[in-house]
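Structure, as structure tokens:
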Amino acid sequence: MRIPTKLEWIMAHMSQLYDLKAYVAGGAARDIYYYKTPKDWDVVIPNNHRWDERDVFNMLEGVCYFVRARYPESKVNVSQAYDGANGDFDSRWLGIAQLEIEDGGKTLSVDILFARAPSIRMVLEGFDSNVNQCYLGLISQHPMYPFGVPTDIRFLKPITTKRLNRLLSLSEELRLPVDATGLEIQD
């Protein structure tokens with residue numbers, strides 16, 4: 001499995017235009033590692049340039065502009081994270097673009113996430129489960145687990161009941177046991 005061609009183009013264009021490194025991370029990278037088809041794609045950009053919210057918002061607007069120009073059927077949305085946000089889009093992120101692009105009769109769902117952390121390793125440290133601490137780059141497209149390939153699913157920070165149920169389902173799907181040490185539910 002490879003990064004879809006349209007997503008490759010977006011990542012390459014962003015990298016060239018803004019001199020940044022973009023990584024597929026989290027669930028999509030994990031799914032590729034386990035030879036599964038990702039349902040959506042998270043593209044993470046570490047903040048090694050010391051961007052602020054204004055810089056990121058302008059870059060995301062630029063990304064959306066060239067995505068709409070190249071793929072006029074696409075839907076785009078730009079938002080900025082804030083303290084106290086629930087779910088995946090919390091204060092770890094400077095800004096997020098959500099893209100839906102028609103791709104051969106299917107919808108390619110992509111979240112572009114500009115991180116506050118300066119490296120991909122530091123971004124992954126903020127994830128809620130070890131099984132999702134995976135990434136791949138545009139060039140190699142080989143999934144990497146920088147903290148080691150999981151032999152079980154562990155919880156690294158408080159999660160919601162909904163998220164717990166998703167990770168328990170994933171445990172069955174991947175045939176990985178769950179280590180509930182440190183599990184904290186936060187609804």
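In the structure tokens, chains take the letters A, B, ... in the order shown, each chain's residues start at 1, and ligands count up from 1 in the order shown.
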**Asked** Quick one: residues within 7 Å of segment 51-57 of chain A, only C-alpha atoms counted, chain neighbours fewer than 3 positions away excluded, as a PyMOL selection string?
**Response** chain A and resi 47+60-61+94-95
Could you turn the residues from that selection into a file that holds C-alpha atoms, as a PDB file, in the first residue's frame?
```pdb
ATOM      1  CA  ASN A  47       6.797  23.099  13.678  1.00  0.00           C
ATOM      2  CA  LEU A  60      -3.368  26.265   5.253  1.00  0.00           C
ATOM      3  CA  GLU A  61      -5.347  28.780   3.205  1.00  0.00           C
ATOM      4  CA  LEU A  94      -1.599  25.239  15.486  1.00  0.00           C
ATOM      5  CA  GLY A  95      -4.077  24.670  12.675  1.00  0.00           C
TER       6      GLY A  95
END
```
**Request:** Quick one: everything within 8 Å of Asp187 of chain A, counting only C-alpha atoms, minus sequence neighbours fewer than 3 positions away in the same chain. Send it as a ChimeraX atom specification.
**Result:** /A:159-161
**Item:** Counting only C-alpha atoms, the option among A:Ala12, A:Val131, A:Val44, A:Leu136 closest to Ala97 of chain A
**Value:**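 Among the listed residues, A:Val44 lies closest to Ala97 of chain A.
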**Request:** To one decimal in Å, tell me the separation between atom CA of Ser15 of chain A and atom CA of Asn58 of chain A.
**Result:** 14.9 Å
**Distance query Arg163 of chain A at most 12 Å, only C-alpha atoms, self and fewer than 2 positions along chain excluded, as a list in words** =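 The neighbour list is Asn86, Gly87, Asp88, Asp128, Ser129, Phe155, Lys157, Pro158, Ile159, Thr160, Thr161, Asn165, Arg166, Leu167, Leu168, Ser169, Leu170, Leu183, Glu184, Ile185, Gln186 and Asp187 of chain A.
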**Fill in**
atom CA of Asn77 of chain A to atom CA of Lys6 of chain A measures 17.5 Å
**Request:** Please return as a VMD selection string: the residues of chain A that backbone DSSP assigns to helix (DSSP H, G or I).
**Result:** chain A and resid 5 to 18 27 to 33 53 to 70 120 to 125 130 to 132 161 to 174
For the interface of segment 2-55 of chain A with segment 122-127 of chain A (cut-off 9 Å, counting only C-alpha atoms), please tabulate each contacting residue of segment 2-55 of chain A alongside its nearest pair of atoms and their separation in Å to one decimal, rows sorted by chain and increasing number, as a Markdown table.
```
| residue | atom | partner | partner_atom | distance |
| --- | --- | --- | --- | --- |
| A:Ala25 | CA | A:Leu124 | CA | 8.1 |
| A:Gly26 | CA | A:Leu124 | CA | 7.9 |
| A:Val44 | CA | A:Val123 | CA | 8.2 |
| A:Ile45 | CA | A:Val123 | CA | 8.9 |
| A:Pro46 | CA | A:Val123 | CA | 7.0 |
```
**Message:** If you run DSSP on the backbone here, which positions in segment 40-179 of chain A get strand (DSSP E or B)? Please write them as a PyMOL selection string.
**Reply:** chain A and resi 41-45+75-79+93-103+106-115+129+135-137+144+153-155+159+178-179
**Request:** Find the residues near Tyr71 of chain A: any atom within 12 Å, counting only C-alpha atoms, skip ones fewer than 2 places away on the same chain, and give them as a PyMOL selection string.
**Result:** chain A and resi 6-7+9-10+63-69+73-76+99-103+108
**Request:** Kindly indicate which residue among A:Lys36, A:Arg2, A:His49, A:Lys162 lies nearest to Asp19 of chain A, using only C-alpha atoms for the distances.
**Result:**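 Of all the options, A:His49 lies closest to Asp19 of chain A.
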**Request:** Select, from A:Ala180, A:Leu138, A:Leu113, A:Leu164, the residue with the minimum atom-to-atom distance to Asp152 of chain A, counting only C-alpha atoms.
**Result:** A:Ala180
**Request:** Could you check which of A:Arg154, A:Lys106, A:Arg175, A:His142 is closest to Ala29 of chain A, using only C-alpha atoms?
**Result:** A:His142
**Prompt:** Using only C-alpha atoms, which of A:Asn130, A:Thr151, A:Ser119, A:Ser171 sits nearest Asn48 of chain A?
**Reply:**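 Going through A:Asn130, A:Thr151, A:Ser119, A:Ser171 one by one, the smallest distance to Asn48 of chain A is for A:Ser119.
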**Message:** Quick check, in Å to one decimal: how far apart do atom CA of Tyr23 of chain A and atom CA of Arg92 of chain A lie?
**Reply:** 16.0 Å
